[in-house]
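Undergrad: For reference, the structure I am asking about is given below.
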Amino acid sequence: MPNPRPTLDFATLRQTELPNICRDAEGHLALADAVVTPSARTDSSALTAPARCLSIQEKAHLRLAVYYLQQYQPEPDDNGMEQWRGRLEAIYHGCELKAWDLAAQLFFGSLPGEYEAPTNLAEQLGDWGYYHEQREFSQQLLGKLDAKADGQCLYNIGRALECMGEYEAAWQYFQPLLIQATERQDRPQQALAYSGLATASGHLGRTEQAIIYGQQQIALSHQLGNYYQEITGLVSLQVSYQYLKQYQRAAKCLSEALDIAEAYSYRRLTAAVITECLRLAVSRADIRQLDTWLRRVETASEIVLLQGGRRCKYFEALMVAYTVRGDYTKALATAEQGLEYARSIHARGFEVGLMNNLAVLYCYKLGDYAAAYQAFYTAAKLAKSLSLSNFAVITLSGLAYCYGKLSQPSLALTTAQEALGIASTTTMTDALGIATGALGSAYWHQGKYLRGLWLAARALWILQPWCSTNGRLAFAALCDLVGNKLQVISKSWLNLLQPQCRERQPAECRQSGSKDR
């Protein structure tokens, strides 16, 4: 947390003091009777510029900032961002007042409550899916305070951009953070920079580089005794190994993370890690491991401690696991619970993921293409509004498949082409494979079977159905398309052959049958 020198505290100001607030010589907010007046000495160095009264707009922002901190009360059942709405509104009005020190104190200051590690509103906005707000406030504070505060701003802007799918832009913030933190010998912020660079590199397809940065973050966090960050680093590193389909190494990272979490009684992190273990089992389509971790997740007492994004990940993992195991009733119920929770905390990024998983269930498992269309359409619209490129590709591809199934081949083709266009700008291999498969399906529905088959085969080569759940879904979709067409062809041939059969003499048929016997 930055250590600014605020002249006032919005939380302790009395209403009777508000009319006396003005600007001191340095531009800080201060009480009029506390402003240093010019010295009677003739020495110009001792003179202080006179105070400036606040404008009408500034007074309005000041009153609103004080109101939201002192009087605003959330509803009893509010959680997530709504629980801290007053603090967030006060930060907004503090920025409008250009009271940067006060706004930063609220934005980066530790949130009260039961947390295993210190957290602040800047981090929680990202966890809840409010990436634009996380980026906007950090951008406003960048360059207004000290170097440490700037480092925190760079990290939060980078994280917000990364979550919105703008990985190259995120890199441009994490890289200077690493340089500045190294120059200042600020090792905690170095660890944060390594963490951001590792994740961004993974999304940009620089997987080997991501692994190097991830290992540096883990080592530095361990040296600092920040075992909480070491665990998060191990969880992030296993994602890079998953990209390389090195599932054994990914599993080893999660095993180490789980050992540390349990050793230091990080119960929330323990729940988060076992959830990641379930997600890994789903990704690698390992049914035996999936069953093992599914039982662990269902019975773990720590699960109830998960909050924010981690709780959304829990619902995602559980819902997909039930889908893979064929327990569609539980999968639907879990999806609804997850969506309700994600919406209650305004975690829009996770809402996209949960809605997409629900659409996949309707489309590929239940065959309810109308319901799948509605879910894919909603998820795609939200993903594009949040600039979540990977999710936009996945949801648009599903939408294209539904259009084909609903006998709208033209819409299927245009939607699949849109998905492939977005996929070409991302570095997620699965996104490219999914979009390619969707385009193949669209061509197939237009009667261009050879082109459709060629694109479908290419998609399968990218997705590798023998070792990934996405690949298996693509393979099942291909079999469904080809199987249906073979049935149509078979029926057509039978219809052609039946008149010829009827024209044959019955006696001839009987004689032929007798000879055969």
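Note on naming: chains are A, B, ... as they come in the structure tokens, residues start from 1 per chain, ligands start from 1 in the order shown.
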Excluding Leu69 in chain A and residues on its chain fewer than 6 positions from it, collect all residues at most 9 Å away from it, counting only C-alpha atoms, and give them as a count of residues only.

TA: 6

Undergrad: Using only C-alpha atoms, which residues sit within 8 Å of range 403-413 of chain A once same-chain residues fewer than 6 positions away are excluded, as a list in words?

TA: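 Here the qualifying residues turn out to be Tyr369, Ala370, Tyr373, Leu439, Ser441, Ala442, Tyr443, His445 and Gln446 of chain A.
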
Undergrad: What does the file look like for those residues with C-alpha atoms, as a PDB file, in the first residue's frame?

TA:
```
ATOM      1  CA  TYR A 369     -30.483 -25.973 -29.358  1.00  0.00           C
ATOM      2  CA  ALA A 370     -33.025 -23.225 -28.677  1.00  0.00           C
ATOM      3  CA  TYR A 373     -28.755 -20.449 -28.596  1.00  0.00           C
ATOM      4  CA  LEU A 439     -16.508 -22.767 -39.527  1.00  0.00           C
ATOM      5  CA  SER A 441     -19.703 -27.067 -39.269  1.00  0.00           C
ATOM      6  CA  ALA A 442     -21.118 -23.968 -40.989  1.00  0.00           C
ATOM      7  CA  TYR A 443     -19.792 -25.060 -44.392  1.00  0.00           C
ATOM      8  CA  HIS A 445     -24.630 -27.153 -43.190  1.00  0.00           C
ATOM      9  CA  GLN A 446     -24.351 -25.266 -46.497  1.00  0.00           C
TER      10      GLN A 446
END
```

Undergrad: Measuring between only C-alpha atoms, which one of A:Thr429, A:Gln152, A:Thr436, A:Thr119 shows the shortest distance to Pro176 in chain A?

TA: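 Closest to Pro176 in chain A, using only C-alpha atoms: A:Gln152.
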
Undergrad: Name all residues at most 6 Å from range 193-195 of chain A (count only C-alpha atoms; drop same-chain ones fewer than 2 positions away) and give them as a ChimeraX atom specification.

TA: /A:174,177-178,190-191,197-198,213,217

Undergrad: Ranking A:Arg159, A:Lys365, A:Arg458, A:Arg23 by minimum distance to Val320 in chain A and counting only C-alpha atoms, which one comes first?

TA: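 Comparing A:Arg159, A:Lys365, A:Arg458, A:Arg23 against Val320 in chain A, the winner is A:Lys365.
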
Undergrad: Could you list, as a list in words, every residue within 8 Å of range 267-275 of chain A, counting only C-alpha atoms and ignoring same-chain residues fewer than 3 positions away?

TA: Glu116, Ile231, Val235, Leu254, Ala257, Leu258, Ala261, Glu262, Leu278, Arg279, Trp293, Arg296, Val297, Ala300, Glu302, Ile303, Leu305, Leu306, Arg310, Lys313, Tyr314 and Ala317 of chain A

Undergrad: From range 322-427 of chain A, collect each residue whose DSSP state is helix (DSSP H, G or I) and return the set as number ranges by chain.

TA: A: 322-324, 328-344, 348-366, 369-385, 389-405, 409-423

Undergrad: Go ahead and compute the interatomic distance for CA of Ala321 in chain A and CA of Glu162 in chain A, in Å to one decimal.

TA: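 Interatomic distance, CA of Ala321 in chain A to CA of Glu162 in chain A: 26.5 Å.
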
Undergrad: Can you tell me which residues surround Thr395 in chain A at a distance of at most 8 Å, considering only C-alpha atoms, apart from same-chain residues fewer than 5 positions away, and format the answer as a ChimeraX atom specification?

TA: /A:356,376-377,379-380

Undergrad: Would you save the residues of that selection, restricted to N, CA, C and O atoms, as an mmCIF file, in the first residue's frame?

TA:
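Output contents, as saved in again.cif:
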```
data_model
loop_
_atom_site.group_PDB
_atom_site.id
_atom_site.type_symbol
_atom_site.label_atom_id
_atom_site.label_comp_id
_atom_site.auth_asym_id
_atom_site.auth_seq_id
_atom_site.Cartn_x
_atom_site.Cartn_y
_atom_site.Cartn_z
ATOM 1 N N ASN A 356 -21.444 -19.756 -20.652
ATOM 2 C CA ASN A 356 -20.922 -20.561 -21.755
ATOM 3 C C ASN A 356 -20.998 -22.052 -21.425
ATOM 4 O O ASN A 356 -21.404 -22.871 -22.265
ATOM 5 N N PHE A 376 -25.713 -19.046 -25.428
ATOM 6 C CA PHE A 376 -24.531 -18.630 -26.192
ATOM 7 C C PHE A 376 -24.639 -17.160 -26.600
ATOM 8 O O PHE A 376 -23.657 -16.411 -26.537
ATOM 9 N N TYR A 377 -25.824 -16.737 -27.028
ATOM 10 C CA TYR A 377 -26.026 -15.357 -27.464
ATOM 11 C C TYR A 377 -25.766 -14.381 -26.319
ATOM 12 O O TYR A 377 -25.064 -13.375 -26.475
ATOM 13 N N ALA A 379 -24.012 -14.939 -23.554
ATOM 14 C CA ALA A 379 -22.599 -14.996 -23.162
ATOM 15 C C ALA A 379 -21.714 -14.261 -24.165
ATOM 16 O O ALA A 379 -20.786 -13.546 -23.776
ATOM 17 N N ALA A 380 -21.998 -14.424 -25.460
ATOM 18 C CA ALA A 380 -21.191 -13.765 -26.497
ATOM 19 C C ALA A 380 -21.329 -12.247 -26.421
ATOM 20 O O ALA A 380 -20.340 -11.511 -26.538
#
```
